[in-house]
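Structure data follow from entry.cif (mmCIF, C-alpha atoms):
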data_final
#
loop_
_atom_site.label_atom_id
_atom_site.label_comp_id
_atom_site.auth_asym_id
_atom_site.auth_seq_id
_atom_site.Cartn_x
_atom_site.Cartn_y
_atom_site.Cartn_z
CA MET M 1 8.02 -46.01 5.75
CA THR M 2 4.31 -46.15 5.06
CA GLU M 3 3.17 -47.21 1.61
CA VAL M 4 -0.10 -46.09 0.05
CA ALA M 5 -1.15 -47.73 -3.18
CA ALA M 6 -2.27 -45.02 -5.60
CA GLY M 7 -4.79 -45.76 -8.34
CA PRO M 8 -3.57 -45.15 -11.87
CA GLU M 9 -5.61 -41.95 -12.20
CA LEU M 10 -4.36 -40.48 -8.96
CA GLY M 11 -0.89 -41.47 -10.09
CA ALA M 12 -1.25 -38.92 -12.89
CA ALA M 13 -1.55 -36.11 -10.35
CA GLU M 14 1.46 -37.47 -8.53
CA VAL M 15 3.62 -37.46 -11.64
CA GLU M 16 2.75 -33.78 -12.18
CA LEU M 17 3.55 -32.94 -8.55
CA ILE M 18 6.98 -34.53 -8.82
CA ASN M 19 7.58 -32.75 -12.11
CA MET M 20 6.60 -29.45 -10.47
CA ALA M 21 8.83 -30.08 -7.45
CA ASN M 22 11.81 -30.82 -9.72
CA GLN M 23 11.23 -27.63 -11.73
CA VAL M 24 10.94 -25.54 -8.56
CA ARG M 25 14.04 -27.13 -7.05
CA HIS M 26 16.09 -26.30 -10.13
CA ALA M 27 14.63 -22.75 -10.24
CA MET M 28 15.54 -22.13 -6.59
CA HIS M 29 19.05 -23.46 -7.15
CA GLU M 30 19.56 -21.15 -10.13
CA ALA M 31 17.95 -18.17 -8.36
CA THR M 32 20.34 -18.56 -5.42
CA SER M 33 23.30 -18.83 -7.75
CA CYS M 34 22.26 -15.47 -9.35
CA LEU M 35 22.44 -13.87 -5.91
CA ILE M 36 25.98 -15.15 -5.40
CA VAL M 37 27.24 -14.52 -8.96
CA PRO M 38 25.09 -12.00 -10.89
CA ASN M 39 23.92 -13.59 -14.15
CA LEU M 40 21.16 -11.97 -16.19
CA THR M 41 20.49 -14.91 -18.53
CA LYS M 42 20.11 -17.28 -15.62
CA ALA M 43 17.81 -14.88 -13.74
CA GLU M 44 15.59 -14.55 -16.82
CA SER M 45 15.50 -18.30 -17.18
CA VAL M 46 14.28 -18.74 -13.57
CA ILE M 47 11.55 -16.17 -14.17
CA GLU M 48 10.48 -18.09 -17.29
CA THR M 49 10.45 -21.39 -15.40
CA ASP M 50 7.82 -19.92 -13.08
CA VAL M 51 5.43 -19.71 -16.03
CA ILE M 52 5.96 -23.44 -16.66
CA VAL M 53 5.35 -24.22 -12.97
CA ASP M 54 2.14 -22.18 -13.04
CA GLU M 55 1.01 -24.07 -16.15
CA ILE M 56 1.53 -27.42 -14.41
CA ALA M 57 -0.46 -26.08 -11.43
CA ASN M 58 -3.31 -25.09 -13.75
CA LYS M 59 -3.18 -28.48 -15.45
CA LEU M 60 -3.37 -30.15 -12.03
CA ASP M 61 -6.38 -28.02 -11.16
CA ARG M 62 -8.25 -29.28 -14.22
CA LEU M 63 -7.09 -32.84 -13.61
CA GLY M 64 -8.25 -32.51 -9.99
CA VAL M 65 -11.83 -31.71 -11.01
CA GLU M 66 -11.92 -34.72 -13.35
CA LEU M 67 -10.40 -37.06 -10.79
CA ALA M 68 -12.68 -35.90 -7.99
CA ALA M 69 -15.69 -36.37 -10.22
CA THR M 70 -14.66 -39.90 -11.19
CA ASN M 71 -13.37 -41.08 -7.79
CA SER M 72 -16.42 -39.95 -5.88
CA GLY M 73 -17.52 -42.19 -3.06
CA ASP M 74 -13.92 -43.21 -2.42
CA VAL M 75 -13.17 -41.08 0.62
CA ALA M 76 -9.51 -42.15 0.84
CA ALA M 77 -8.91 -41.33 -2.82
CA ILE M 78 -10.64 -37.96 -2.46
CA ARG M 79 -8.61 -37.11 0.63
CA GLN M 80 -5.46 -37.97 -1.24
CA LEU M 81 -6.48 -35.87 -4.21
CA LEU M 82 -7.40 -32.81 -2.15
CA SER M 83 -4.04 -33.08 -0.36
CA GLN M 84 -2.28 -33.26 -3.72
CA LEU M 85 -4.02 -30.08 -4.87
CA ARG M 86 -2.93 -28.29 -1.71
CA ILE M 87 0.62 -29.54 -2.23
CA ALA M 88 0.47 -28.17 -5.78
CA SER M 89 -0.54 -24.76 -4.34
CA SER M 90 2.48 -24.78 -2.06
CA LEU M 91 4.82 -25.80 -4.88
CA GLU M 92 3.38 -23.08 -7.10
CA ARG M 93 4.03 -20.54 -4.37
CA MET M 94 7.59 -21.86 -3.91
CA GLY M 95 8.11 -21.28 -7.64
CA ASP M 96 6.91 -17.68 -7.16
CA LEU M 97 9.45 -17.22 -4.37
CA ALA M 98 12.30 -18.50 -6.58
CA ALA M 99 11.13 -16.04 -9.26
CA HIS M 100 11.08 -13.19 -6.69
CA ILE M 101 14.71 -13.95 -5.85
CA ALA M 102 15.65 -14.03 -9.54
CA LYS M 103 13.84 -10.70 -10.07
CA ALA M 104 15.82 -9.10 -7.23
CA ALA M 105 19.03 -10.37 -8.88
CA ARG M 106 17.88 -8.96 -12.24
CA ARG M 107 16.96 -5.60 -10.68
CA ARG M 108 20.45 -5.09 -9.25
CA TYR M 109 22.36 -6.56 -12.21
CA PRO M 110 25.30 -6.15 -12.98
CA ASP M 111 25.69 -5.45 -9.27
CA SER M 112 25.06 -8.15 -6.73
CA ALA M 113 21.71 -8.07 -4.91
CA ILE M 114 23.48 -8.97 -1.67
CA PRO M 115 26.60 -7.50 -0.06
CA ALA M 116 29.74 -9.65 0.14
CA GLU M 117 29.36 -9.95 3.91
CA LEU M 118 26.08 -11.87 3.52
CA VAL M 119 27.18 -14.18 0.67
CA PRO M 120 27.98 -17.08 3.05
CA THR M 121 24.57 -16.72 4.77
CA PHE M 122 22.65 -16.75 1.50
CA GLU M 123 24.79 -19.60 0.17
CA ARG M 124 23.73 -21.62 3.18
CA MET M 125 20.10 -20.54 2.70
CA GLY M 126 20.30 -21.85 -0.87
CA SER M 127 21.80 -25.08 0.36
CA VAL M 128 19.11 -25.51 3.05
CA ALA M 129 16.40 -24.69 0.47
CA ASP M 130 17.82 -27.42 -1.74
CA SER M 131 17.89 -29.92 1.14
CA VAL M 132 14.31 -29.17 2.13
CA MET M 133 13.12 -29.74 -1.44
CA ALA M 134 15.18 -32.94 -1.73
CA LEU M 135 13.39 -34.21 1.39
CA THR M 136 10.03 -33.09 0.00
CA LEU M 137 10.72 -34.97 -3.23
CA SER M 138 11.66 -38.11 -1.31
CA ALA M 139 8.47 -37.86 0.72
CA LEU M 140 6.40 -37.38 -2.44
CA LYS M 141 8.05 -40.21 -4.35
CA ARG M 142 8.05 -42.74 -1.51
CA HIS M 143 4.79 -41.70 0.23
CA ASP M 144 6.97 -41.43 3.25
CA SER M 145 5.78 -39.54 6.30
CA SER M 146 8.84 -40.49 8.35
CA LEU M 147 10.77 -37.49 6.94
CA TRP M 148 8.60 -35.18 9.07
CA THR M 149 11.28 -34.61 11.74
CA GLU M 150 14.03 -34.09 9.21
CA ILE M 151 12.02 -31.49 7.27
CA HIS M 152 11.25 -29.67 10.51
CA GLU M 153 14.91 -29.63 11.48
CA THR M 154 15.84 -28.27 8.07
CA ASP M 155 13.20 -25.54 8.46
CA ASP M 156 14.75 -24.69 11.84
CA GLN M 157 18.11 -24.26 10.11
CA MET M 158 16.50 -21.81 7.70
CA ASP M 159 14.94 -19.87 10.56
CA ALA M 160 18.36 -19.66 12.23
CA LEU M 161 19.89 -18.27 9.01
CA HIS M 162 17.02 -15.75 8.78
CA ARG M 163 17.85 -14.57 12.31
CA GLU M 164 21.57 -14.46 11.43
CA MET M 165 20.74 -12.15 8.53
CA PHE M 166 18.92 -9.79 10.92
CA ARG M 167 21.90 -9.80 13.28
CA VAL M 168 24.28 -8.83 10.45
CA VAL M 169 22.02 -6.06 9.15
CA LEU M 170 21.40 -4.63 12.62
CA ALA M 171 25.04 -4.76 13.71
CA PRO M 172 26.75 -1.36 14.04
CA GLY M 173 29.21 -2.35 11.30
CA TRP M 174 26.55 -2.56 8.54
CA GLU M 175 27.88 -0.27 5.83
CA TYR M 176 25.73 -1.15 2.82
CA GLY M 177 22.93 1.32 3.45
CA MET M 178 19.19 1.11 3.80
CA GLU M 179 18.32 -0.09 0.30
CA SER M 180 20.54 -3.13 0.63
CA ALA M 181 19.13 -3.81 4.12
CA ILE M 182 15.60 -3.85 2.69
CA ASP M 183 16.70 -6.07 -0.21
CA VAL M 184 18.27 -8.69 2.02
CA THR M 185 15.35 -8.57 4.50
CA LEU M 186 12.89 -9.45 1.76
CA LEU M 187 15.22 -11.98 0.11
CA SER M 188 15.75 -13.74 3.41
CA ARG M 189 11.99 -13.72 4.00
CA TYR M 190 11.51 -15.49 0.62
CA PHE M 191 13.90 -18.26 1.64
CA GLU M 192 12.20 -18.57 5.00
CA ARG M 193 8.75 -18.84 3.39
CA TYR M 194 10.12 -21.41 0.92
CA ALA M 195 11.08 -23.72 3.80
CA ASP M 196 7.74 -23.03 5.53
CA HIS M 197 5.94 -24.29 2.43
CA ALA M 198 7.99 -27.50 2.54
CA VAL M 199 6.79 -28.00 6.14
CA SER M 200 3.24 -27.35 5.02
CA ILE M 201 3.60 -29.91 2.18
CA MET M 202 4.96 -32.45 4.64
CA ARG M 203 2.01 -31.83 6.96
CA ARG M 204 -0.33 -32.52 4.02
CA MET M 205 1.64 -35.68 3.22
CA VAL M 206 1.22 -36.92 6.79
CA HIS M 207 -2.50 -36.16 6.60
CA MET M 208 -2.74 -37.97 3.26
CA ILE M 209 -0.79 -41.03 4.39
CA THR M 210 -2.02 -41.46 7.97
CA GLY M 211 -5.41 -39.77 7.79
CA GLU M 212 -4.45 -37.82 10.92
CA PRO M 213 -6.05 -34.39 11.07
CA TYR M 214 -4.21 -31.67 9.25
CA ALA M 215 -2.75 -29.65 12.12
CA ASN M 216 -2.15 -26.04 11.28
CA THR M 217 0.35 -24.80 13.81
CA GLU M 218 1.83 -21.43 14.59
CA SER M 219 5.26 -22.51 13.45
CA GLU M 220 4.85 -21.08 9.97
CA GLY M 221 5.85 -17.52 9.30
CA MET C 1 -24.06 -10.24 -11.82
CA THR C 2 -23.99 -13.98 -12.35
CA GLU C 3 -26.01 -16.20 -10.06
CA VAL C 4 -25.04 -19.78 -9.35
CA ALA C 5 -27.50 -21.91 -7.43
CA ALA C 6 -25.60 -23.81 -4.74
CA GLY C 7 -26.89 -27.14 -3.47
CA PRO C 8 -27.61 -27.32 0.22
CA GLU C 9 -24.45 -29.30 0.97
CA LEU C 10 -22.18 -26.93 -0.94
CA GLY C 11 -23.99 -24.12 0.84
CA ALA C 12 -22.49 -25.43 4.09
CA ALA C 13 -18.97 -24.79 2.78
CA GLU C 14 -20.04 -21.34 1.68
CA VAL C 15 -21.37 -20.43 5.13
CA GLU C 16 -18.00 -21.40 6.64
CA LEU C 17 -16.11 -19.35 4.04
CA ILE C 18 -18.17 -16.25 4.83
CA ASN C 19 -17.69 -16.86 8.55
CA MET C 20 -13.94 -17.14 7.97
CA ALA C 21 -13.83 -13.98 5.86
CA ASN C 22 -15.68 -12.03 8.56
CA GLN C 23 -13.30 -13.25 11.26
CA VAL C 24 -10.25 -12.36 9.16
CA ARG C 25 -11.66 -8.94 8.28
CA HIS C 26 -12.19 -8.14 11.96
CA ALA C 27 -8.73 -9.49 12.86
CA MET C 28 -7.07 -7.32 10.20
CA HIS C 29 -8.99 -4.26 11.37
CA GLU C 30 -7.89 -4.82 14.96
CA ALA C 31 -4.30 -5.64 13.97
CA THR C 32 -4.01 -2.38 12.05
CA SER C 33 -5.44 -0.47 14.97
CA CYS C 34 -2.70 -1.96 17.23
CA LEU C 35 -0.09 -0.54 14.87
CA ILE C 36 -1.61 2.92 15.13
CA VAL C 37 -2.40 2.83 18.88
CA PRO C 38 -0.38 0.17 20.76
CA ASN C 39 -2.77 -2.12 22.63
CA LEU C 40 -1.56 -5.40 24.09
CA THR C 41 -4.99 -6.92 24.84
CA LYS C 42 -6.18 -6.23 21.32
CA ALA C 43 -2.98 -7.68 19.81
CA GLU C 44 -3.38 -10.87 21.87
CA SER C 45 -7.01 -11.12 20.79
CA VAL C 46 -6.04 -10.97 17.09
CA ILE C 47 -3.46 -13.70 17.64
CA GLU C 48 -6.14 -15.86 19.29
CA THR C 49 -8.58 -15.23 16.44
CA ASP C 50 -6.07 -16.83 14.09
CA VAL C 51 -6.53 -20.13 15.94
CA ILE C 52 -10.29 -19.91 15.31
CA VAL C 53 -9.69 -19.15 11.62
CA ASP C 54 -7.37 -22.15 11.36
CA GLU C 55 -10.02 -24.34 13.00
CA ILE C 56 -12.62 -23.28 10.46
CA ALA C 57 -10.10 -24.03 7.69
CA ASN C 58 -9.55 -27.52 9.11
CA LYS C 59 -13.31 -28.06 9.42
CA LEU C 60 -13.70 -27.01 5.78
CA ASP C 61 -11.00 -29.49 4.79
CA ARG C 62 -12.93 -32.36 6.37
CA LEU C 63 -16.21 -31.10 4.94
CA GLY C 64 -14.54 -30.88 1.52
CA VAL C 65 -13.62 -34.56 1.53
CA GLU C 66 -17.20 -35.52 2.46
CA LEU C 67 -18.75 -33.22 -0.12
CA ALA C 68 -16.44 -34.35 -2.91
CA ALA C 69 -17.21 -37.97 -2.07
CA THR C 70 -20.98 -37.40 -2.14
CA ASN C 71 -21.28 -35.09 -5.17
CA SER C 72 -20.41 -37.88 -7.56
CA GLY C 73 -20.06 -37.14 -11.22
CA ASP C 74 -21.25 -33.56 -10.82
CA VAL C 75 -18.30 -31.74 -12.41
CA ALA C 76 -19.73 -28.25 -11.78
CA ALA C 77 -20.28 -29.03 -8.09
CA ILE C 78 -16.77 -30.47 -7.77
CA ARG C 79 -15.24 -27.45 -9.49
CA GLN C 80 -17.12 -25.18 -7.11
CA LEU C 81 -16.01 -27.20 -4.11
CA LEU C 82 -12.32 -27.25 -5.12
CA SER C 83 -12.47 -23.49 -5.66
CA GLN C 84 -13.99 -23.06 -2.21
CA LEU C 85 -11.16 -25.06 -0.64
CA ARG C 86 -8.60 -22.87 -2.39
CA ILE C 87 -10.44 -19.77 -1.21
CA ALA C 88 -10.31 -21.17 2.33
CA SER C 89 -6.51 -21.55 1.96
CA SER C 90 -6.20 -17.91 0.97
CA LEU C 91 -8.41 -16.75 3.85
CA GLU C 92 -6.41 -18.87 6.27
CA ARG C 93 -3.23 -17.24 5.02
CA MET C 94 -4.80 -13.77 5.32
CA GLY C 95 -5.57 -14.61 8.96
CA ASP C 96 -1.88 -15.52 9.44
CA LEU C 97 -0.88 -12.14 8.03
CA ALA C 98 -3.21 -10.30 10.44
CA ALA C 99 -1.63 -12.33 13.26
CA HIS C 100 1.88 -11.41 12.03
CA ILE C 101 0.95 -7.73 12.23
CA ALA C 102 -0.48 -8.18 15.73
CA LYS C 103 2.70 -10.01 16.79
CA ALA C 104 4.85 -7.13 15.55
CA ALA C 105 2.66 -4.74 17.59
CA ARG C 106 3.02 -7.00 20.64
CA ARG C 107 6.81 -7.26 20.20
CA ARG C 108 7.26 -3.47 20.30
CA TYR C 109 4.63 -2.78 22.99
CA PRO C 110 4.35 -0.33 24.76
CA ASP C 111 6.17 1.42 21.90
CA SER C 112 4.58 1.69 18.51
CA ALA C 113 5.75 -0.79 15.85
CA ILE C 114 5.74 2.02 13.28
CA PRO C 115 7.21 5.53 13.45
CA ALA C 116 4.82 8.51 13.53
CA GLU C 117 5.85 9.51 10.02
CA LEU C 118 4.39 6.29 8.58
CA VAL C 119 1.15 6.25 10.58
CA PRO C 120 -0.88 7.82 7.73
CA THR C 121 0.50 5.26 5.23
CA PHE C 122 -0.36 2.29 7.44
CA GLU C 123 -3.75 3.77 8.27
CA ARG C 124 -4.47 3.83 4.56
CA MET C 125 -3.11 0.30 4.17
CA GLY C 126 -5.55 -0.81 6.88
CA SER C 127 -8.37 0.97 5.14
CA VAL C 128 -7.49 -0.58 1.76
CA ALA C 129 -7.22 -4.02 3.41
CA ASP C 130 -10.69 -3.53 4.81
CA SER C 131 -12.07 -2.46 1.42
CA VAL C 132 -10.55 -5.42 -0.36
CA MET C 133 -12.10 -7.83 2.16
CA ALA C 134 -15.47 -6.05 1.95
CA LEU C 135 -15.36 -6.62 -1.82
CA THR C 136 -14.31 -10.24 -1.32
CA LEU C 137 -17.24 -10.77 1.04
CA SER C 138 -19.67 -9.24 -1.45
CA ALA C 139 -18.33 -11.47 -4.18
CA LEU C 140 -18.62 -14.54 -1.95
CA LYS C 141 -22.14 -13.71 -0.75
CA ARG C 142 -23.58 -12.72 -4.12
CA HIS C 143 -21.58 -15.12 -6.34
CA ASP C 144 -20.61 -11.98 -8.16
CA SER C 145 -17.67 -12.00 -10.55
CA SER C 146 -18.29 -8.40 -11.65
CA LEU C 147 -16.25 -7.08 -8.71
CA TRP C 148 -13.08 -8.31 -10.44
CA THR C 149 -12.01 -4.86 -11.68
CA GLU C 150 -12.75 -3.19 -8.38
CA ILE C 151 -10.69 -5.73 -6.42
CA HIS C 152 -7.81 -5.27 -8.85
CA GLU C 153 -7.95 -1.50 -8.47
CA THR C 154 -7.95 -1.85 -4.69
CA ASP C 155 -4.91 -4.13 -4.92
CA ASP C 156 -3.21 -1.45 -7.05
CA GLN C 157 -3.85 1.06 -4.26
CA MET C 158 -2.14 -1.28 -1.82
CA ASP C 159 0.85 -1.68 -4.14
CA ALA C 160 1.10 2.12 -4.38
CA LEU C 161 1.12 2.39 -0.57
CA HIS C 162 3.80 -0.32 -0.41
CA ARG C 163 5.95 1.75 -2.80
CA GLU C 164 5.24 4.88 -0.75
CA MET C 165 6.54 3.10 2.35
CA PHE C 166 9.81 2.31 0.50
CA ARG C 167 10.15 5.95 -0.57
CA VAL C 168 9.78 7.15 3.04
CA VAL C 169 12.25 4.60 4.41
CA LEU C 170 14.83 5.29 1.70
CA ALA C 171 14.56 9.10 1.91
CA PRO C 172 17.61 10.84 3.42
CA GLY C 173 15.40 12.14 6.25
CA TRP C 174 14.69 8.66 7.69
CA GLU C 175 15.73 8.96 11.33
CA TYR C 176 14.21 5.85 12.93
CA GLY C 177 17.13 3.51 12.34
CA MET C 178 17.57 0.14 10.72
CA GLU C 179 15.42 -1.97 13.04
CA SER C 180 12.38 0.19 12.39
CA ALA C 181 13.10 0.13 8.64
CA ILE C 182 13.10 -3.67 8.71
CA ASP C 183 9.89 -3.74 10.79
CA VAL C 184 7.96 -1.50 8.43
CA THR C 185 9.32 -3.32 5.35
CA LEU C 186 7.94 -6.63 6.61
CA LEU C 187 4.69 -5.09 7.91
CA SER C 188 4.07 -3.43 4.57
CA ARG C 189 4.81 -6.71 2.83
CA TYR C 190 2.12 -8.41 4.97
CA PHE C 191 -0.47 -5.84 3.88
CA GLU C 192 0.60 -6.22 0.27
CA ARG C 193 0.29 -10.02 0.43
CA TYR C 194 -3.11 -9.68 2.10
CA ALA C 195 -4.44 -7.77 -0.91
CA ASP C 196 -2.76 -10.25 -3.28
CA HIS C 197 -4.72 -13.06 -1.63
CA ALA C 198 -7.96 -11.15 -2.22
CA VAL C 199 -7.06 -10.98 -5.91
CA SER C 200 -6.33 -14.68 -5.87
CA ILE C 201 -9.72 -15.41 -4.21
CA MET C 202 -11.47 -13.29 -6.83
CA ARG C 203 -9.72 -15.19 -9.59
CA ARG C 204 -11.00 -18.43 -8.06
CA MET C 205 -14.49 -16.92 -7.85
CA VAL C 206 -14.42 -16.05 -11.55
CA HIS C 207 -13.24 -19.58 -12.33
CA MET C 208 -16.01 -21.01 -10.16
CA ILE C 209 -18.76 -18.84 -11.61
CA THR C 210 -17.81 -18.70 -15.28
CA GLY C 211 -15.80 -21.90 -15.63
CA GLU C 212 -13.09 -19.84 -17.35
CA PRO C 213 -9.59 -21.22 -16.79
CA TYR C 214 -7.90 -20.14 -13.62
CA ALA C 215 -5.27 -17.70 -14.87
CA ASN C 216 -2.27 -17.37 -12.64
CA THR C 217 -0.61 -14.11 -13.57
CA GLU C 218 2.57 -12.39 -12.53
CA SER C 219 0.70 -9.61 -10.77
CA GLU C 220 0.95 -11.27 -7.38
CA GLY C 221 3.88 -10.54 -5.16
#
For this file, write the structure as structure tokens.
Amino acid sequence: MTEVAAGPELGAAEVELINMANQVRHAMHEATSCLIVPNLTKAESVIETDVIVDEIANKLDRLGVELAATNSGDVAAIRQLLSQLRIASSLERMGDLAAHIAKAARRRYPDSAIPAELVPTFERMGSVADSVMALTLSALKRHDSSLWTEIHETDDQMDALHREMFRVVLAPGWEYGMESAIDVTLLSRYFERYADHAVSIMRRMVHMITGEPYANTESEG
Amino acid sequence: MTEVAAGPELGAAEVELINMANQVRHAMHEATSCLIVPNLTKAESVIETDVIVDEIANKLDRLGVELAATNSGDVAAIRQLLSQLRIASSLERMGDLAAHIAKAARRRYPDSAIPAELVPTFERMGSVADSVMALTLSALKRHDSSLWTEIHETDDQMDALHREMFRVVLAPGWEYGMESAIDVTLLSRYFERYADHAVSIMRRMVHMITGEPYANTESEG
């Protein structure tokens, strides 16, 4: 575990990031649960949470300008701050994805947005999404870049579930029609992107902690 | 048209952004053309361009840290710089989307990744993608926030094409099977996201030029 001492001002950005990550984690949990058991109130609540997440992101943007202006000359502090702003972008986008899932649930209510056959797959996607955010939160709270491998492995699990979804939809036995196939394709893509963003956040964390170049790889979808 | 005088150092970031936007525009043009007329060499070339785009993004990241550290206390300069880094993120993501489209073309080669019936729709998507990037480039080059409405209207055209794709796939006459339906759903989603990113860049431009708060709305997919 690598520790980086954060100045009190930069700590303010960090508190907001952790707040954002907790909100998004809860939103994704609730959004998944609406896919499994249709619930209009819960879906609406997730969609409303996204507004709160966006507000925190905007607040962080303003804070970022102030902090960059006051911490100038301190290259390490600036690098940390710019990484935090990028992490905020990813978290904001993850909040959007949770809202997309909730909107799909709302659109099909009182029906389910996913056929019974895919409930186990999406349950596992929800569980993997929760794990990847739990790891992200740990990394954020502990300034810990050692979770890199674990986050990657969790992302691989999500990719495997995404492929499993394709196999089910493309199997000759698929009897839920084209509209449902399109729904689950996009829903699965949202989960997959959610995990990709966690990988991207982790890459920023590593850059922030170690100063190693931010490596943008092809692994993200 | 609002003019903002950029310092020479900030000008360096701007030159890279315009370079990036030009690369991505070309990549998207070529990727679309591979959907219409399968071409393996061209698809590979788009995928390689994405590596160049990512390298410029990484270069901008490093430049950003230096610039933020040297533009001490200058809140307007810092705001401009942070906006530029966010714009670079969007451009980098747009490059990914062009690469995704090229990869789909490569995966189905020598077949076409889209059925003949949807060629006109994807041709128009390609054309709208090109328009939206042409507008983005104008806004970037001229520091012009007046293109806001035009970029939004172009994004609306893309959304309409995305809906048109769904109508075609869901019509009883769809005879290209499930795999093709999933392909075109994801391809269309990539085009839609591409235009969303242009809207997001424009919003950052407005923020940068006018200092008005960055408004994150629900319009993005």
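Residues surrounding region 170-182 of chain C within 8 Å are Val169, Leu170, Met178, Glu179, Ala181, Ile182 and Thr185 of chain M; Ala113, Ile114 and Pro115 of chain C [only C-alpha atoms; sequence separation below 6 positions excluded].
Take the candidates M:Val37, M:Met20, M:Leu186, M:Ala31 and check each one against chain C using all atoms listed in the file; the shortest distance goes to M:Leu186.
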- Message: Measuring between only C-alpha atoms, which one of M:Ala43, M:Leu135, M:Ile78, M:Ile52 shows the shortest distance to Glu66 (chain M)?
- Response: M:Ile78
- Item | Target residues per the PyMOL selection byres ((chain M and resi 204-208) around 9), formatted as a ChimeraX atom specification | /M:76,79-84,86-87,139-140,143-146,148,199-203,209-215
Using only C-alpha atoms, tabulate the residues of chain M lying at most 6 Å from any atom of chain C, each with its closest atom pair and that distance in Å to one decimal, by chain and increasing residue number, as JSON lines.
{"residue": "M:Val65", "atom": "CA", "partner": "C:Arg79", "partner_atom": "CA", "distance": 5.7}
{"residue": "M:Ala69", "atom": "CA", "partner": "C:Gly73", "partner_atom": "CA", "distance": 4.5}
{"residue": "M:Ser72", "atom": "CA", "partner": "C:Ala69", "partner_atom": "CA", "distance": 4.4}
{"residue": "M:Gly73", "atom": "CA", "partner": "C:Ala69", "partner_atom": "CA", "distance": 4.3}
{"residue": "M:Val75", "atom": "CA", "partner": "C:Ala69", "partner_atom": "CA", "distance": 5.8}
{"residue": "M:Arg79", "atom": "CA", "partner": "C:Val65", "partner_atom": "CA", "distance": 5.7}
- Message: I need every residue sitting at most 9 Å from the point (-2.8, -9.2, -2.7) (coordinates as in the file, only C-alpha atoms considered), written as a ChimeraX atom specification.
- Response: /C:132,152,155-156,158-159,191-200,219-221
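In this model, the gap between CA of Glu150 (chain C) and CA of Cys34 (chain C) comes to 27.5 Å.
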- Which residues, protein or nucleic acid, reach to within 12 Å of (8.4, -36.4, -7.7) in the file's coordinates when using all atoms listed in the file, and can you give that as a PyMOL selection string? chain M and resi 11-25+84+87-88+91+133-143
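Between CA of Gln157 (chain C) and CA of Gly95 (chain M) the interatomic distance comes to 25.6 Å.
Separating CA of Ala27 (chain C) from CA of Ala98 (chain C) is a distance of 6.1 Å.
Compared by their closest atoms to Val119 (chain C), and using all atoms listed in the file, the residues C:Ile151, C:Val46, C:Ile36, C:Val168 rank with C:Ile36 nearest.
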Draw an axis-aligned box tight on the listed atoms of region 89-100 of chain M, then pad every side by 3 Å and write out centre and edge lengths in Å to one decimal as lines of an AutoDock Vina configuration file.
center_x = 5.9
center_y = -19.5
center_z = -5.7
size_x = 18.8
size_y = 18.6
size_z = 13.2
- Item | Option closest in space to Phe122 (chain C), from C:Leu40, C:Met165, C:Leu60, C:Met28 [counting only C-alpha atoms] | C:Met165
- Item | Which residue of C:Ser33, C:Asn39, C:Ser90, C:Ser188 approaches Leu118 (chain C) most closely, using all atoms listed in the file | C:Ser188
